[in-house]
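What follows is the content of my_file28.cif (mmCIF, C-alpha atoms).
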```
data_work
#
loop_
_atom_site.label_atom_id
_atom_site.label_comp_id
_atom_site.auth_asym_id
_atom_site.auth_seq_id
_atom_site.Cartn_x
_atom_site.Cartn_y
_atom_site.Cartn_z
CA MET A 366 -20.52 -2.80 0.74
CA LEU A 367 -17.88 -5.26 1.98
CA SER A 368 -17.99 -7.96 -0.71
CA GLU A 369 -15.46 -6.23 -2.96
CA LEU A 370 -12.98 -5.99 -0.09
CA GLU A 371 -13.51 -9.68 0.76
CA SER A 372 -12.94 -10.74 -2.85
CA TRP A 373 -9.77 -8.69 -3.11
CA LEU A 374 -8.39 -10.12 0.14
CA ALA A 375 -9.20 -13.64 -1.09
CA ALA A 376 -7.10 -12.94 -4.19
CA VAL A 377 -4.27 -11.59 -2.02
CA LEU A 378 -4.36 -14.75 0.11
CA GLY A 379 -4.47 -16.95 -2.97
CA ARG A 380 -1.17 -15.54 -4.17
CA GLY A 381 0.50 -16.05 -0.79
CA LEU A 382 -0.70 -19.58 -0.02
CA PRO A 383 0.55 -22.88 -1.47
CA ALA A 384 -0.82 -23.79 -4.89
CA ASN A 385 -4.20 -25.54 -4.99
CA THR A 386 -5.25 -24.13 -1.60
CA ALA A 387 -8.97 -23.42 -1.78
CA VAL A 388 -9.76 -19.81 -0.87
CA SER A 389 -13.30 -18.47 -0.52
CA ALA A 390 -14.86 -15.16 0.51
CA GLY A 391 -18.03 -14.12 2.30
CA PRO A 392 -20.18 -15.30 5.22
CA VAL A 393 -21.98 -18.01 3.23
CA ALA A 394 -18.73 -19.72 2.29
CA ALA A 395 -17.53 -19.39 5.88
CA ALA A 396 -20.21 -21.89 6.99
CA ALA A 397 -18.81 -24.64 4.75
CA THR A 398 -16.81 -27.49 6.28
CA ALA A 399 -14.57 -28.21 3.28
CA ALA A 400 -10.82 -27.85 3.68
CA GLY A 401 -9.43 -24.46 2.76
CA VAL A 402 -9.35 -20.81 3.74
CA ASN A 403 -12.19 -18.32 4.08
CA VAL A 404 -12.12 -14.55 4.55
CA CYS A 405 -15.15 -12.66 5.81
CA ALA A 406 -15.62 -8.97 6.62
CA GLY A 407 -17.66 -9.42 9.76
CA GLY A 408 -18.86 -5.88 10.34
CA LEU A 409 -18.17 -2.18 10.56
CA ALA A 410 -18.60 -0.18 13.76
CA LEU A 411 -17.95 3.37 14.92
CA LEU A 412 -15.42 3.57 17.74
CA PRO A 413 -16.54 5.09 21.05
CA VAL A 414 -15.14 8.55 21.70
CA ALA A 415 -15.81 11.19 24.33
CA ALA A 416 -18.88 13.30 23.56
CA VAL A 417 -19.67 11.43 20.35
CA GLU A 418 -22.41 13.77 19.14
CA GLU A 419 -20.26 16.84 19.67
CA ALA A 420 -17.26 15.27 17.96
CA GLN A 421 -19.34 14.24 14.96
CA ALA A 422 -20.88 17.69 14.64
CA ARG A 423 -17.43 19.31 14.64
CA SER A 424 -16.13 16.95 11.97
CA ARG A 425 -18.78 17.87 9.39
CA GLU A 426 -17.42 19.96 6.55
CA PRO A 427 -19.01 21.62 3.51
CA ALA A 428 -19.56 19.42 0.47
CA PHE A 429 -18.30 20.10 -3.05
CA ALA A 430 -19.30 18.61 -6.38
CA GLN A 431 -16.66 16.17 -7.56
CA SER A 432 -15.71 14.50 -10.79
CA THR A 433 -13.27 11.64 -11.22
CA VAL A 434 -10.99 11.11 -14.22
CA ARG A 435 -9.34 7.70 -14.47
CA PHE A 436 -6.12 6.70 -16.17
CA ASN A 437 -4.38 3.36 -16.66
CA GLY A 438 -0.79 3.60 -15.47
CA ASP A 439 1.60 1.56 -17.61
CA GLY A 440 4.83 2.23 -15.75
CA GLN A 441 6.11 4.48 -18.57
CA THR A 442 3.70 7.38 -19.01
CA THR A 443 4.33 10.31 -16.67
CA ARG A 444 1.91 12.89 -18.14
CA PHE A 445 -1.84 12.67 -18.62
CA ALA A 446 -4.23 15.24 -20.09
CA LEU A 447 -6.38 16.64 -17.28
CA ALA A 448 -8.35 19.82 -17.80
CA GLY A 449 -10.94 21.01 -15.34
CA ASP A 450 -11.50 22.28 -11.85
CA GLU A 451 -9.28 22.28 -8.79
CA LEU A 452 -7.42 19.01 -8.21
CA ALA A 453 -8.55 17.62 -4.84
CA GLU A 454 -6.60 14.33 -4.67
CA VAL A 455 -4.96 11.63 -6.74
CA ARG A 456 -5.58 7.98 -5.86
CA LEU A 457 -3.08 5.29 -6.78
CA ALA A 458 -4.70 1.87 -6.63
CA ALA A 459 -2.63 -0.99 -5.27
CA GLU A 460 -3.47 -2.96 -8.42
CA ALA A 461 -6.20 -3.18 -11.04
CA GLY A 462 -9.58 -3.66 -9.37
CA ALA A 463 -8.24 -3.16 -5.85
CA PRO A 464 -10.39 -1.13 -3.41
CA VAL A 465 -7.19 -0.28 -1.51
CA GLY A 466 -4.56 2.26 -2.51
CA ARG A 467 -2.45 5.28 -1.69
CA LEU A 468 -2.98 9.02 -2.05
CA ALA A 469 -0.28 10.75 -4.07
CA ARG A 470 1.36 13.75 -2.42
CA LEU A 471 0.33 16.75 -4.50
CA GLY A 472 3.26 18.97 -5.41
CA ASP A 473 5.70 16.21 -4.55
CA GLN A 474 4.81 12.97 -6.32
CA CYS A 475 2.56 14.69 -8.85
CA TRP A 476 1.37 18.15 -9.88
CA HIS A 477 -1.39 19.67 -12.03
CA GLU A 478 -0.74 22.58 -14.38
CA ASN A 479 -1.47 23.67 -17.94
CA GLY A 480 -4.11 21.00 -18.37
CA GLN A 481 -1.78 18.13 -17.48
CA LEU A 482 -1.32 15.80 -14.54
CA SER A 483 2.38 15.01 -14.25
CA PHE A 484 4.09 12.37 -12.10
CA LEU A 485 7.64 12.27 -10.86
CA ARG A 486 7.57 8.51 -11.44
CA ALA A 487 5.27 6.80 -13.90
CA PRO A 488 2.41 4.99 -12.10
CA GLN A 489 2.14 1.26 -12.67
CA ALA A 490 -1.48 0.83 -11.56
CA PRO A 491 -4.80 2.60 -12.19
CA VAL A 492 -4.92 6.30 -11.28
CA ALA A 493 -8.01 8.27 -10.25
CA ALA A 494 -7.78 12.07 -10.28
CA VAL A 495 -10.55 13.73 -8.25
CA LEU A 496 -11.50 17.28 -9.31
CA ARG A 497 -13.34 19.61 -6.94
CA GLY A 498 -16.14 21.73 -8.35
CA VAL A 499 -18.72 24.13 -6.96
CA PRO A 500 -20.20 23.90 -3.43
CA ALA A 501 -22.88 21.22 -3.24
CA ALA A 502 -25.71 20.24 -0.95
CA GLY A 503 -24.61 17.72 1.66
CA TYR A 504 -21.52 17.35 3.81
CA ARG A 505 -18.27 15.49 4.40
CA GLN A 506 -17.75 13.77 7.74
CA ALA A 507 -15.00 11.56 9.17
CA VAL A 508 -15.42 9.56 12.39
CA PRO A 509 -13.26 6.88 14.07
CA ALA A 510 -14.32 3.37 13.06
CA SER A 511 -13.13 -0.22 12.90
CA LEU A 512 -13.75 -2.98 10.38
CA ALA A 513 -13.66 -6.60 11.62
CA LEU A 514 -11.95 -9.14 9.36
CA GLY A 515 -12.34 -12.83 10.09
CA PHE A 516 -10.28 -15.67 8.61
CA THR A 517 -10.99 -19.42 8.94
CA PHE A 518 -8.37 -22.05 8.09
CA GLN A 519 -9.52 -25.67 8.00
CA GLY A 520 -7.85 -28.91 6.96
CA PRO A 521 -6.94 -32.46 8.03
CA ARG A 522 -3.37 -31.61 9.08
CA PRO A 523 -2.96 -29.11 11.96
CA ALA A 524 0.58 -28.14 10.98
CA GLU A 525 -0.55 -27.28 7.45
CA VAL A 526 -3.46 -25.23 8.79
CA ASP A 527 -1.10 -23.31 11.07
CA GLY A 528 1.11 -22.59 8.07
CA TRP A 529 -1.85 -21.18 6.17
CA CYS A 530 -2.67 -18.93 9.11
CA ALA A 531 0.88 -17.55 9.35
CA ALA A 532 1.10 -16.91 5.60
CA ALA A 533 -2.30 -15.20 5.55
CA LEU A 534 -1.43 -12.97 8.50
CA ALA A 535 1.75 -11.78 6.79
CA ALA A 536 -0.05 -11.19 3.48
CA VAL A 537 -2.87 -9.16 5.05
CA LEU A 538 -0.56 -7.01 7.18
CA TRP A 539 1.49 -6.21 4.09
CA ALA A 540 -1.66 -5.49 2.05
CA PHE A 541 -2.57 -2.62 4.37
CA ALA A 542 0.92 -1.60 5.54
CA GLU A 543 1.28 1.35 3.15
CA SER A 544 -2.34 2.02 2.19
CA ASP A 545 -4.08 5.37 2.67
CA TYR A 546 -7.68 4.37 1.97
CA VAL A 547 -10.10 1.49 1.55
CA GLU A 548 -13.08 2.17 -0.71
CA LEU A 549 -16.25 0.62 0.73
CA ALA A 550 -19.22 2.00 -1.21
CA GLU A 551 -20.21 4.50 -3.88
CA VAL A 552 -23.68 5.48 -5.08
CA ALA A 553 -23.04 8.02 -7.82
CA ALA A 554 -26.72 8.75 -8.44
CA LEU A 555 -27.06 10.03 -4.85
CA GLY A 556 -23.65 11.68 -4.62
CA PHE A 557 -22.58 9.26 -1.87
CA SER A 558 -19.26 7.59 -1.13
CA LEU A 559 -17.89 5.75 1.88
CA ARG A 560 -14.27 4.84 2.58
CA LEU A 561 -11.91 4.10 5.43
CA LEU A 562 -8.98 6.52 5.60
CA HIS A 563 -5.57 5.72 7.13
CA PRO A 564 -6.44 2.04 7.71
CA ARG A 565 -4.37 0.22 10.29
CA ALA A 566 -4.54 -3.59 10.50
CA GLU A 567 -3.91 -5.21 13.88
CA LEU A 568 -4.12 -8.82 14.98
CA GLN A 569 -6.78 -9.39 17.64
CA THR A 570 -7.26 -13.13 18.23
CA ILE A 571 -6.17 -16.58 17.02
CA THR A 572 -8.14 -19.61 18.26
CA ARG A 573 -7.89 -23.32 17.42
CA ASP A 574 -10.36 -26.19 17.59
CA ALA A 575 -11.73 -29.02 15.44
CA ALA A 576 -14.66 -29.14 13.05
CA GLY A 577 -16.67 -31.66 11.08
CA PRO A 578 -18.26 -35.03 11.83
CA ASP A 579 -16.54 -37.47 14.18
CA ASP A 580 -15.37 -39.71 11.35
CA ALA A 581 -13.81 -36.81 9.43
CA ARG A 582 -12.61 -34.26 11.96
CA GLN A 583 -10.52 -31.38 10.67
CA ALA A 584 -8.20 -28.95 12.38
CA ARG A 585 -9.58 -25.43 12.38
CA THR A 586 -7.87 -22.13 13.16
CA ARG A 587 -9.75 -18.85 13.34
CA MET A 588 -8.05 -15.48 13.16
CA THR A 589 -9.57 -12.01 13.58
CA LEU A 590 -8.02 -8.68 12.63
CA GLY A 591 -9.27 -5.16 13.26
CA LEU A 592 -8.90 -2.57 10.52
CA SER A 593 -9.22 0.80 12.24
CA GLY A 594 -9.17 4.28 10.76
CA GLU A 595 -11.42 7.23 9.91
CA LEU A 596 -14.69 6.38 8.22
CA GLU A 597 -15.38 9.12 5.69
CA PHE A 598 -18.96 9.87 4.65
CA ASN A 599 -19.26 12.09 1.61
CA LEU A 600 -22.66 13.43 0.49
CA ALA A 601 -22.49 15.89 -2.41
CA LEU A 602 -25.33 16.41 -4.84
CA GLY A 603 -26.60 19.37 -6.83
CA THR A 604 -25.64 22.84 -5.65
CA ALA A 605 -25.62 24.32 -2.21
CA GLU A 606 -28.53 26.55 -1.25
CA ALA A 607 -27.65 30.22 -1.59
CA PRO A 608 -27.38 32.04 1.74
CA GLN A 609 -30.35 34.23 2.67
CA LEU A 610 -29.24 37.83 3.21
CA ILE A 611 -31.21 40.82 4.51
CA ARG A 612 -30.84 43.49 1.86
CA ARG A 613 -33.30 46.16 3.13
CA ILE A 614 -35.45 46.78 6.19
CA LEU A 615 -38.84 48.31 5.49
CA GLY A 616 -40.49 50.54 8.11
CA THR A 617 -39.18 52.85 10.80
CA LEU A 618 -37.76 52.31 14.22
CA GLN A 619 -38.86 54.64 17.02
CA ALA A 620 -36.90 54.87 20.25
CA ARG A 621 -38.67 56.35 23.29
CA ARG A 622 -36.44 58.65 25.33
CA GLU A 623 -36.83 58.07 29.04
CA SER A 624 -36.64 60.92 31.58
CA LYS A 625 -33.99 60.92 34.26
CA GLU A 626 -36.64 60.38 36.92
CA GLU A 627 -37.55 57.05 35.36
CA PHE A 628 -33.97 55.85 35.87
CA GLY A 629 -33.72 57.11 39.41
CA VAL A 630 -31.42 60.07 38.63
CA PRO A 631 -32.37 63.24 40.59
CA ASP A 632 -32.87 66.55 38.75
CA GLY A 633 -29.85 68.80 38.46
CA GLU A 634 -27.26 66.08 38.36
#
```
File written out as structure tokens:
Amino acid sequence: MLSELESWLAAVLGRGLPANTAVSAGPVAAAATAAGVNVCAGGLALLPVAAVEEAQARSREPAFAQSTVRFNGDGQTTRFALAGDELAEVRLAAEAGAPVGRLARLGDQCWHENGQLSFLRAPQAPVAAVLRGVPAAGYRQAVPASLALGFTFQGPRPAEVDGWCAAALAAVLWAFAESDYVELAEVAALGFSLRLLHPRAELQTITRDAAGPDDARQARTRMTLGLSGELEFNLALGTAEAPQLIRRILGTLQARRESKEEFGVPDGE
């Protein structure tokens, strides 16, 4: 679920760090002692809120069948053929293969009419148009959550390691500064998707120590960031079950009329 995000962040760091800096991703690489930089998505957790069960129940919404049509933005094309159901959203990826992107403002940045999706400005990255279909079995739910991102910087020269840490912090904050979503998982066969909406990256800790054997000690800096937002669960498969309605009542209803005496009302009143 988190490997794609780690790999993308490793590529982002690679572009922002000095040439020939080794950058790795994932918890296995984080255990290595070689000089370089590692990024690891440490875990995903729901944030505590008042009356969690009640809040989660309120946030559940009906599910709808969805289909996604993808286009490759070239920076010149402003119109794409798009026929189908109601347009739910348009995702603008940060770059090719990125799990992070923005949501276009419908009616402002783009609009859908006469079988065409039109943009005010030609997109320069992949575009995903999500079409909403008929009601489906399942639900949509969004709950507060936080994703932990850990970074390890290790090398023989402390000043160089500190420089890597500063450059990585700037690159990661910029990577999420204007993003609207982070895609985490999708299982199309089960109608399931998981993403973090409105992600907000915040620095949490920076610690320094040394690592490695005594004859080859290296400076090590560890940095953690929290990526908070709304974790959106989407389950939509098949069609929703039709509501059960009572069309006719068979039989008769008899009401027994009580006398006034039975209700304590005297005769003549």
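Within 6 Å of the point (-5.7, 4.2, -2.0), counting only C-alpha atoms, the protein and nucleic acid residues come to Arg456, Leu457, Ala458, Val465, Gly466, Arg467, Leu468, Ser544, Asp545 and Tyr546 of chain A.
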**Report entry** One-decimal distance in Å that lies between CA of Gly556 in chain A and CA of Arg435 in chain A
**Finding:**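 So the answer is 17.8 Å.
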Report task. Let me know the residues the PyMOL selection byres ((chain A and resi 376-380) around 9) catches in the file above, as an MDAnalysis selection string. Result -> chainID A and resid 371:375 381:388 402 404 532:533 536:537 540
Query raised in the report: From the list A:Leu370, A:Ala490, A:Leu452, A:Ala501, which residue is nearest His477 in chain A when using only C-alpha atoms?
Result: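 Among A:Leu370, A:Ala490, A:Leu452, A:Ala501, it is A:Leu452 that comes nearest to His477 in chain A.
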Query raised in the report: Pick from A:Ser558, A:Gln583, A:Gln519, A:Gln489: nearest to Asp439 in chain A, with only C-alpha atoms counted?
Result: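 That would be A:Gln489, the residue with the smallest distance to Asp439 in chain A.
Using all atoms listed in the file, the smallest distance between any of A:Val492, A:Leu411, A:Ala430, A:Ala446 and Leu602 in chain A comes from A:Ala430.
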Report task. Using only C-alpha atoms, find the one residue out of A:Leu600, A:Leu555, A:Ala584, A:Leu590 that sits nearest to Ala399 in chain A. Result -> A:Ala584
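Going from CA of Ala461 in chain A over to CA of Gly438 in chain A, you cover 9.7 Å.
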Requested in this report: Please identify all polymer residues within 10 Å of Ala550 in chain A, counting only C-alpha atoms, omitting same-chain residues fewer than 6 positions from it, and present them as a list in words.
Outcome: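 The residues satisfying every condition are Met366, Leu367, Glu369, Pro464, Phe557, Ser558, Leu559, Arg560 and Phe598 of chain A.
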Query raised in the report: List as JSON, numbers by chain: which residues have an atom within 9 Å of (-5.0, -31.8, 13.6), counting only C-alpha atoms?
Result: {"A": [520, 521, 522, 523, 524, 525, 526, 574, 575, 582, 583, 584, 585]}
Report task. Work out how far apart CA of Ala394 in chain A and CA of Cys530 in chain A are and give it in Å to one decimal. Result ->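 Between CA of Ala394 in chain A and CA of Cys530 in chain A the gap is 17.5 Å.
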Query - Residues within 12 Å of Glu426 in chain A, only C-alpha atoms, excluding chain neighbours under 3 positions, as a ChimeraX atom specification - result: /A:421-423,429,500-507,597-601
Query - Neighbour list for Ala513 in chain A as a ChimeraX atom specification, cut-off 6 Å, all atoms listed in the file, skip fewer than 6 positions in-chain - result: /A:406-408,591
Query raised in the report: Looking at all atoms listed in the file, which of A:Trp529, A:Phe516, A:Trp476, A:Phe484 is the one that sits closest to Gly391 in chain A?
Result: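 Closest candidate: A:Phe516.
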Report summary line: Min atom-atom distance to Gly440 in chain A from the set A:Glu478, A:Arg486, A:Gly462, A:Ser424, counting only C-alpha atoms, belongs to A:Arg486
